[in-house]
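Have a look at structure_23.tsv below; it lists TSV, C-alpha atoms and all ligand atoms.
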```tsv
chain	number	residue	atom	x	y	z
A	1	MET	CA	-9.61	3.86	-19.72
A	2	SER	CA	-8.96	7.52	-20.60
A	3	ILE	CA	-9.12	10.88	-18.85
A	4	GLU	CA	-12.69	12.17	-19.13
A	5	GLN	CA	-12.31	15.36	-17.10
A	6	TYR	CA	-9.44	17.68	-16.13
A	7	LEU	CA	-10.54	20.00	-13.33
A	8	PHE	CA	-9.08	23.10	-11.69
A	9	PRO	CA	-10.43	23.66	-8.16
A	10	GLU	CA	-9.69	27.08	-6.71
A	11	SER	CA	-9.83	26.16	-3.04
A	12	ILE	CA	-8.90	23.22	-0.83
A	13	ASP	CA	-12.57	22.71	0.10
A	14	GLU	CA	-13.54	22.55	-3.58
A	15	CYS	CA	-10.73	20.08	-4.19
A	16	LEU	CA	-11.92	17.82	-1.34
A	17	THR	CA	-15.50	18.01	-2.62
A	18	LEU	CA	-14.32	16.89	-6.06
A	19	LEU	CA	-12.26	14.04	-4.60
A	20	SER	CA	-15.30	12.83	-2.64
A	21	ARG	CA	-17.58	13.15	-5.66
A	22	PHE	CA	-15.40	10.93	-7.86
A	23	GLU	CA	-14.85	8.32	-5.11
A	24	GLY	CA	-11.34	7.14	-5.97
A	25	ARG	CA	-11.65	7.61	-9.73
A	26	ALA	CA	-9.88	10.99	-9.54
A	27	LEU	CA	-6.22	11.71	-8.85
A	28	LEU	CA	-4.49	14.94	-7.91
A	29	ILE	CA	-1.94	16.33	-10.34
A	30	ALA	CA	0.60	19.11	-9.73
A	31	GLY	CA	3.54	19.34	-12.17
A	32	GLY	CA	2.65	15.97	-13.67
A	33	THR	CA	6.31	14.96	-14.08
A	34	ASP	CA	5.81	11.70	-12.18
A	35	LEU	CA	2.12	11.21	-12.85
A	36	MET	CA	2.09	11.65	-16.64
A	37	PRO	CA	4.73	8.96	-17.35
A	38	LYS	CA	2.75	6.54	-15.12
A	39	LEU	CA	-0.43	7.36	-17.04
A	40	ALA	CA	1.33	6.86	-20.37
A	41	GLN	CA	2.66	3.48	-19.18
A	42	LYS	CA	-0.86	2.56	-17.95
A	43	LYS	CA	0.42	1.98	-14.40
A	44	ILE	CA	-2.51	4.08	-13.14
A	45	ALA	CA	-5.91	4.66	-14.71
A	46	PRO	CA	-7.87	7.54	-13.16
A	47	THR	CA	-10.76	8.93	-15.20
A	48	VAL	CA	-10.49	12.41	-13.69
A	49	LEU	CA	-7.44	14.56	-12.96
A	50	ILE	CA	-7.72	17.33	-10.40
A	51	ASP	CA	-5.05	19.96	-10.99
A	52	VAL	CA	-4.03	21.64	-7.73
A	53	THR	CA	-1.91	24.40	-9.24
A	54	ARG	CA	-4.68	27.03	-9.34
A	55	ILE	CA	-5.72	26.68	-5.71
A	56	GLU	CA	-5.38	30.04	-4.02
A	57	ASN	CA	-2.00	30.62	-2.30
A	58	PHE	CA	-0.91	27.10	-3.25
A	59	CYS	CA	2.49	28.21	-4.54
A	60	ASP	CA	3.52	30.35	-1.57
A	61	VAL	CA	6.87	29.98	0.14
A	62	VAL	CA	6.77	31.74	3.50
A	63	ILE	CA	9.60	32.06	6.01
A	64	THR	CA	8.59	32.86	9.60
A	65	PRO	CA	10.57	33.06	12.87
A	66	SER	CA	9.45	29.51	13.71
A	67	ASP	CA	9.46	27.68	10.39
A	68	LEU	CA	9.50	27.52	6.63
A	69	MET	CA	6.14	26.90	4.97
A	70	VAL	CA	6.22	25.59	1.41
A	71	ALA	CA	2.67	25.45	0.04
A	72	ALA	CA	1.94	22.20	-1.77
A	73	GLY	CA	2.04	23.69	-5.27
A	74	ALA	CA	5.45	25.35	-4.87
A	75	THR	CA	8.06	24.17	-7.37
A	76	HIS	CA	11.65	23.06	-6.96
A	77	ALA	CA	12.76	26.19	-8.85
A	78	GLN	CA	10.97	28.46	-6.39
A	79	VAL	CA	12.81	26.85	-3.48
A	80	ALA	CA	16.18	26.40	-5.22
A	81	GLU	CA	16.33	30.06	-6.24
A	82	ASN	CA	15.30	31.52	-2.88
A	83	GLU	CA	18.48	33.03	-1.41
A	84	THR	CA	16.94	33.83	1.98
A	85	LEU	CA	15.83	30.24	2.35
A	86	ALA	CA	19.33	29.04	1.38
A	87	GLN	CA	20.85	30.81	4.38
A	88	THR	CA	19.01	28.57	6.88
A	89	TRP	CA	18.11	25.48	4.81
A	90	PRO	CA	20.94	25.03	2.27
A	91	ALA	CA	20.30	21.26	2.19
A	92	LEU	CA	16.85	21.90	0.76
A	93	THR	CA	17.80	24.54	-1.81
A	94	LYS	CA	20.69	22.39	-3.06
A	95	ALA	CA	18.54	19.25	-3.27
A	96	CYS	CA	15.76	21.06	-5.17
A	97	GLY	CA	18.36	22.65	-7.46
A	98	SER	CA	19.78	19.24	-8.38
A	99	ILE	CA	16.50	17.80	-9.67
A	100	GLY	CA	16.12	17.04	-13.38
A	101	SER	CA	16.62	20.15	-15.47
A	102	PRO	CA	15.37	23.77	-15.37
A	103	GLN	CA	12.23	22.72	-17.28
A	104	ILE	CA	11.44	19.98	-14.74
A	105	ARG	CA	12.23	22.22	-11.75
A	106	ASN	CA	9.94	24.94	-13.12
A	107	ILE	CA	6.85	22.74	-12.93
A	108	ALA	CA	7.59	19.87	-10.54
A	109	THR	CA	6.66	20.29	-6.87
A	110	LEU	CA	8.26	19.25	-3.60
A	111	THR	CA	4.92	17.68	-2.65
A	112	GLY	CA	4.97	15.46	-5.75
A	113	ASN	CA	8.53	14.45	-4.85
A	114	ILE	CA	7.28	13.24	-1.45
A	115	VAL	CA	4.10	11.48	-2.64
A	116	THR	CA	5.94	9.71	-5.44
A	117	ALA	CA	7.76	7.94	-2.59
A	118	MET	CA	10.95	7.11	-4.46
A	119	PRO	CA	13.79	6.34	-2.01
A	120	GLY	CA	16.29	8.64	-3.75
A	121	ALA	CA	13.93	11.56	-4.45
A	122	ASP	CA	16.27	14.49	-3.88
A	123	ALA	CA	13.99	16.98	-2.13
A	124	ALA	CA	12.44	14.26	0.03
A	125	VAL	CA	15.87	13.16	1.30
A	126	ALA	CA	16.61	16.75	2.36
A	127	LEU	CA	13.15	17.17	3.91
A	128	VAL	CA	13.60	14.01	6.00
A	129	VAL	CA	16.91	15.25	7.40
A	130	LEU	CA	15.33	18.62	8.20
A	131	ASN	CA	12.56	16.91	10.18
A	132	ALA	CA	9.86	18.32	7.88
A	133	THR	CA	6.16	17.64	8.29
A	134	VAL	CA	3.24	17.89	5.90
A	135	GLU	CA	-0.22	19.31	6.49
A	136	ILE	CA	-2.93	17.02	5.13
A	137	ALA	CA	-6.59	17.81	4.50
A	138	SER	CA	-9.27	15.15	3.95
A	139	PRO	CA	-13.04	14.88	4.43
A	140	ASP	CA	-12.22	13.72	8.00
A	141	GLY	CA	-10.43	17.00	8.82
A	142	LYS	CA	-6.83	18.16	9.02
A	143	ARG	CA	-3.79	16.38	10.34
A	144	SER	CA	-0.03	16.65	10.08
A	145	ALA	CA	2.57	13.91	9.65
A	146	ALA	CA	6.35	13.71	9.49
A	147	VAL	CA	7.63	13.32	5.92
A	148	GLU	CA	9.67	10.29	6.98
A	149	ASP	CA	6.50	8.53	8.21
A	150	LEU	CA	4.72	8.77	4.85
A	151	TYR	CA	6.50	5.83	3.18
A	152	ALA	CA	4.89	2.42	2.76
A	153	GLY	CA	7.49	0.99	0.34
A	154	VAL	CA	9.20	1.85	-2.94
A	155	GLY	CA	6.81	4.12	-4.84
A	156	GLN	CA	4.13	3.57	-2.17
A	157	SER	CA	2.99	6.60	-0.20
A	158	LYS	CA	0.70	6.49	2.80
A	159	ILE	CA	-1.00	9.57	1.32
A	160	ASP	CA	-4.17	8.53	-0.48
A	161	CYS	CA	-4.24	11.08	-3.31
A	162	GLY	CA	-7.66	9.89	-4.40
A	163	ARG	CA	-9.02	11.09	-1.06
A	164	GLU	CA	-6.64	13.44	0.75
A	165	ILE	CA	-4.58	16.45	-0.23
A	166	ILE	CA	-1.29	17.74	1.13
A	167	THR	CA	-1.72	21.47	1.62
A	168	ALA	CA	1.75	22.47	2.83
A	169	ILE	CA	5.18	21.29	3.89
A	170	LYS	CA	6.59	22.73	7.10
A	171	VAL	CA	10.26	22.76	8.03
A	172	PRO	CA	11.07	23.83	11.59
A	173	ARG	CA	13.54	26.70	11.96
A	174	PRO	CA	16.52	25.57	14.03
A	175	GLN	CA	16.51	27.44	17.33
A	176	GLN	CA	20.08	26.52	18.32
A	177	LYS	CA	23.44	26.52	16.57
A	178	HIS	CA	22.72	24.47	13.48
A	179	GLY	CA	24.10	23.50	10.09
A	180	ASN	CA	22.71	21.36	7.28
A	181	ALA	CA	23.98	20.19	3.89
A	182	TYR	CA	23.04	18.01	0.94
A	183	GLY	CA	25.06	16.20	-1.72
A	184	ARG	CA	24.54	13.71	-4.51
A	185	ILE	CA	26.77	11.69	-6.81
A	186	SER	CA	25.47	11.20	-10.33
A	187	PRO	CA	27.07	10.58	-13.74
A	188	ARG	CA	25.92	14.01	-14.97
A	189	ASN	CA	24.96	17.26	-13.27
A	190	SER	CA	21.58	17.46	-14.91
A	191	PHE	CA	18.77	15.21	-16.16
A	192	CYS	CA	20.12	12.37	-14.09
A	193	PHE	CA	18.94	10.49	-11.03
A	194	PRO	CA	21.55	10.10	-8.27
A	195	ILE	CA	23.70	7.00	-7.83
A	196	VAL	CA	23.57	7.96	-4.16
A	197	ASN	CA	22.48	11.09	-2.33
A	198	ALA	CA	22.82	12.18	1.29
A	199	ALA	CA	21.89	14.99	3.64
A	200	ALA	CA	23.11	15.90	7.12
A	201	ALA	CA	21.78	18.21	9.83
A	202	LEU	CA	23.77	18.98	13.00
A	203	THR	CA	22.52	20.91	16.03
A	204	CYS	CA	25.13	21.91	18.60
A	205	GLU	CA	25.39	23.24	22.12
A	206	ASN	CA	28.54	24.01	24.14
A	207	GLY	CA	30.78	22.74	21.32
A	208	LYS	CA	29.09	19.33	21.07
A	209	VAL	CA	26.56	17.87	18.67
A	210	ILE	CA	23.28	17.45	20.54
A	211	SER	CA	21.32	16.20	17.53
A	212	ALA	CA	22.60	14.61	14.32
A	213	ARG	CA	20.26	13.59	11.51
A	214	LEU	CA	21.40	11.86	8.34
A	215	ALA	CA	19.31	10.73	5.38
A	216	LEU	CA	20.52	8.65	2.47
A	217	GLY	CA	19.03	7.56	-0.84
A	218	PRO	CA	18.36	5.40	-2.78
A	219	VAL	CA	19.65	2.70	-0.47
A	220	ALA	CA	16.45	1.30	1.10
A	221	ASP	CA	12.73	1.32	0.33
A	222	ARG	CA	12.51	4.96	1.49
A	223	PRO	CA	14.86	7.85	2.38
A	224	PHE	CA	17.00	6.03	4.92
A	225	ARG	CA	18.22	7.25	8.34
A	226	PRO	CA	21.37	5.43	9.48
A	227	ILE	CA	20.68	5.53	13.20
A	228	GLN	CA	24.04	4.09	14.35
A	229	ALA	CA	25.96	6.67	12.35
A	230	GLU	CA	23.82	9.44	13.82
A	231	ALA	CA	24.53	8.12	17.33
A	232	VAL	CA	28.30	8.30	16.75
A	233	LEU	CA	28.07	11.97	15.82
A	234	LYS	CA	25.91	12.85	18.82
A	235	GLY	CA	28.08	14.02	21.73
A	236	ALA	CA	31.18	14.54	19.56
A	237	ALA	CA	32.55	17.90	18.53
A	238	PRO	CA	31.00	18.79	15.14
A	239	ASP	CA	34.44	18.89	13.51
A	240	ASP	CA	35.72	15.67	15.13
A	241	LEU	CA	37.16	13.95	12.05
A	242	LYS	CA	37.50	10.59	13.80
A	243	ALA	CA	33.78	10.59	14.67
A	244	ILE	CA	32.86	11.79	11.17
A	245	ASP	CA	34.92	9.01	9.54
A	246	GLU	CA	33.38	6.41	11.84
A	247	ALA	CA	29.88	7.74	11.09
A	248	ALA	CA	30.52	7.61	7.34
A	249	ILE	CA	31.70	3.99	7.55
A	250	LEU	CA	28.74	2.99	9.73
A	251	ALA	CA	26.27	4.77	7.44
A	252	SER	CA	27.58	2.88	4.42
A	253	ARG	CA	27.25	-0.41	6.36
A	254	GLU	CA	23.72	0.35	7.56
A	255	ALA	CA	22.59	1.28	4.06
A	256	ASN	CA	21.40	-1.43	1.71
A	257	PRO	CA	22.01	-0.23	-1.85
A	258	ARG	CA	21.06	-2.62	-4.65
A	259	SER	CA	23.30	-3.52	-7.57
A	260	SER	CA	21.80	-1.81	-10.59
A	261	CYS	CA	22.87	-1.49	-14.21
A	262	LEU	CA	22.00	2.21	-14.05
A	263	ARG	CA	23.61	3.02	-10.72
A	264	GLY	CA	26.45	0.51	-10.36
A	265	CYS	CA	27.04	-2.43	-8.07
A	266	ALA	CA	26.20	-2.39	-4.37
A	267	ASP	CA	29.86	-2.44	-3.22
A	268	TYR	CA	30.71	0.54	-5.43
A	269	ARG	CA	27.72	2.48	-4.13
A	270	ARG	CA	28.68	1.71	-0.51
A	271	GLU	CA	32.16	3.13	-1.18
A	272	LEU	CA	30.59	6.27	-2.66
A	273	LEU	CA	28.39	6.61	0.42
A	274	LYS	CA	31.43	6.71	2.71
A	275	VAL	CA	32.81	9.65	0.76
A	276	LEU	CA	29.47	11.43	0.41
A	277	VAL	CA	28.40	11.10	4.05
A	278	LYS	CA	31.77	12.44	5.21
A	279	GLN	CA	31.40	15.34	2.79
A	280	VAL	CA	27.86	16.33	3.82
A	281	VAL	CA	28.68	16.13	7.55
A	282	MET	CA	31.75	18.33	7.02
A	283	ASP	CA	29.64	20.74	4.93
A	284	ALA	CA	27.00	20.87	7.67
A	285	ASN	CA	29.75	21.63	10.19
A	286	ALA	CA	31.13	24.39	7.95
A	287	ARG	CA	27.64	25.93	7.81
A	288	LEU	CA	27.01	25.94	11.56
A	289	THR	CA	25.39	29.23	12.50
A	290	ARG	CA	27.67	31.33	14.71
B	301	LIG	C1	12.97	14.00	-16.94
B	301	LIG	C2	12.75	13.88	-15.45
B	301	LIG	C3	13.81	14.03	-14.59
B	301	LIG	C4	13.62	13.92	-13.21
B	301	LIG	N1	14.69	14.06	-12.40
B	301	LIG	C5	14.53	13.93	-11.05
B	301	LIG	C6	15.65	14.06	-10.17
B	301	LIG	O1	16.78	14.31	-10.58
B	301	LIG	N2	15.41	13.89	-8.83
B	301	LIG	C7	14.16	13.63	-8.33
B	301	LIG	O2	14.02	13.50	-7.12
B	301	LIG	N3	13.09	13.49	-9.15
B	301	LIG	C8	13.24	13.64	-10.48
B	301	LIG	N4	12.16	13.49	-11.33
B	301	LIG	C9	10.86	13.13	-10.75
B	301	LIG	C10	9.86	14.30	-10.54
B	301	LIG	O3	10.14	15.43	-11.31
B	301	LIG	C11	9.78	14.74	-9.08
B	301	LIG	O4	9.48	13.64	-8.22
B	301	LIG	C12	8.73	15.85	-8.87
B	301	LIG	O5	9.02	16.51	-7.67
B	301	LIG	C13	7.27	15.37	-8.85
B	301	LIG	O6	6.45	16.54	-8.67
B	301	LIG	P1	5.20	16.83	-9.61
B	301	LIG	O7	4.63	18.13	-9.14
B	301	LIG	O8	5.55	16.74	-11.03
B	301	LIG	O9	4.25	15.63	-9.18
B	301	LIG	P2	3.04	14.97	-10.00
B	301	LIG	O10	3.58	14.11	-11.09
B	301	LIG	O11	2.02	15.99	-10.39
B	301	LIG	O12	2.40	14.07	-8.85
B	301	LIG	C14	3.14	13.03	-8.24
B	301	LIG	C15	2.24	12.36	-7.20
B	301	LIG	O13	1.92	13.29	-6.18
B	301	LIG	C16	0.49	13.38	-6.03
B	301	LIG	N5	0.22	14.76	-5.62
B	301	LIG	C17	0.56	15.91	-6.27
B	301	LIG	N6	0.19	16.98	-5.55
B	301	LIG	C18	-0.41	16.50	-4.41
B	301	LIG	C19	-1.00	17.11	-3.26
B	301	LIG	N7	-1.05	18.45	-3.10
B	301	LIG	N8	-1.46	16.29	-2.28
B	301	LIG	C20	-1.42	14.94	-2.40
B	301	LIG	N9	-0.88	14.32	-3.48
B	301	LIG	C21	-0.38	15.08	-4.46
B	301	LIG	C22	-0.07	12.99	-7.37
B	301	LIG	O14	-1.39	12.51	-7.26
B	301	LIG	C23	0.91	11.89	-7.78
B	301	LIG	O15	0.56	10.69	-7.14
B	301	LIG	C24	12.32	13.63	-12.69
B	301	LIG	C25	11.24	13.48	-13.58
B	301	LIG	C26	11.44	13.61	-14.94
B	301	LIG	C27	10.25	13.46	-15.87
```
Kindly transcribe the structure held in the file into structure tokens.
Amino acid sequence: MSIEQYLFPESIDECLTLLSRFEGRALLIAGGTDLMPKLAQKKIAPTVLIDVTRIENFCDVVITPSDLMVAAGATHAQVAENETLAQTWPALTKACGSIGSPQIRNIATLTGNIVTAMPGADAAVALVVLNATVEIASPDGKRSAAVEDLYAGVGQSKIDCGREIITAIKVPRPQQKHGNAYGRISPRNSFCFPIVNAAAALTCENGKVISARLALGPVADRPFRPIQAEAVLKGAAPDDLKAIDEAAILASREANPRSSCLRGCADYRRELLKVLVKQVVMDANARLTR
């Protein structure tokens, strides 16, 4: 099976019409950095590729008083290099800036990073901690869904990209005192998947954490939220080192990293998680808005 047509719709409606016309034989492509290797390895065999990058306004990054809107064709470089965005969502800019290399970041999209559904996908881990949602269009209409609810297993997204299209990612703007941070440990700074990565988001009121979100990867079949660790942080002062240490230990226990010849053994990766979780929570605390 080979690609017979490569199409460039200019609107979301045109894209949906094309998807319907090819009835599952077409796939959406953005940067192609995940899709092309799968095609080359014959893991997928569409006959038509529908390139979303020329859809009008599909690369916009818009910051409003209520949220951040990253259109589905926006690249990691666009987000990583946006200094205004970094003031409120440093976890996201750092995660996007850690992906691959400049060449990869210049073409690869945050949307592709979500749909690829890899548990350690850097931007997706940050988006989960920031409580991001996606806007989805299909022949049935429009809907939105939380990023963390889109996973069906390793490499398995609930998005059917032969039928539906993500149009935008939305990240709510924190309305209270808030700080977020991202970190990863990898053998090299570039062109390297993480051994472990982690993100933290703290929201505070009257000197206490009222909401703590943590996301870790790749330590489960999806970006993983260690709920017990989050619960320990909630109600504590954001700089309470005892609570942070306890949360880091709990997070590393809740996580289920595999032993891997690329990433190291499970025990080693759990030890790294303790250090990394502590670091990202402390970073989030240091970035609390005044
Ligand atoms: C050398 C190299 C290094 C890399 N390093 C990293 C790394 O360090 N960290 C990391 O997380 N990832 C890394 N990646 C993986 C990859 O670059 C990212 O996951 C990237 O964000 C995928 O985006 P893309 O635009 O290239 O997606 P594509 O490959 O174009 O698409 C991926 C999937 O998303 C679907 N899709 C695309 N757009 C839409 C849409 N609008 N609606 C619905 N479905 C859609 C496609 O159909 C496909 O199933 C690396 C890849 C390479 C080749």
Counting all atoms listed in the file, name the residues that have an atom within 6 Å of an atom of ligand LIG 301 (chain B); the answer should be given as a ChimeraX atom specification. /A:27-35,72,99-100,104,108-113,115-116,121-122,161,165-167,191-193
Give me the residues near Thr47 of chain A as a ChimeraX atom specification, where near means some atom within 8 Å (using only C-alpha atoms) and where sequence neighbours in that chain fewer than 5 positions away do not count. /A:1-5,25-26
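Nearest residue to Trp89 of chain A among A:Pro218, A:Gly73, A:Pro194, A:Gly179 is A:Gly179, counting only C-alpha atoms.
In this model, the gap between atom CA of Met118 of chain A and atom CA of Ala220 of chain A comes to 9.7 Å.
Among the candidates A:Gln228, A:Gln103, A:Ser186, A:Thr93, the residue lying nearest to Leu130 of chain A is A:Thr93 (atoms considered: all atoms listed in the file).
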One decimal, in Å: what's the spacing between atom CA of Ser157 of chain A and atom CA of Pro257 of chain A? 20.3 Å
Among A:Arg287, A:Arg253, A:Arg213, A:Lys177, Glu271 of chain A is approached most closely, using all atoms listed in the file, by A:Arg253
Any idea what's packed within 10 Å of Leu233 of chain A, counting only C-alpha atoms, ignoring anything in its chain fewer than 6 positions away? Could you give it as a ChimeraX atom specification? /A:202,208-213,239-240,242-248,281
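Taking atom CA of Pro119 of chain A and atom CA of Val219 of chain A as endpoints, the distance between them is 7.1 Å.
With all atoms listed in the file as the basis for measurement, A:Asn285 is the residue among A:Gln175, A:Thr133, A:Gln156, A:Asn285 that approaches Ala200 of chain A most closely.
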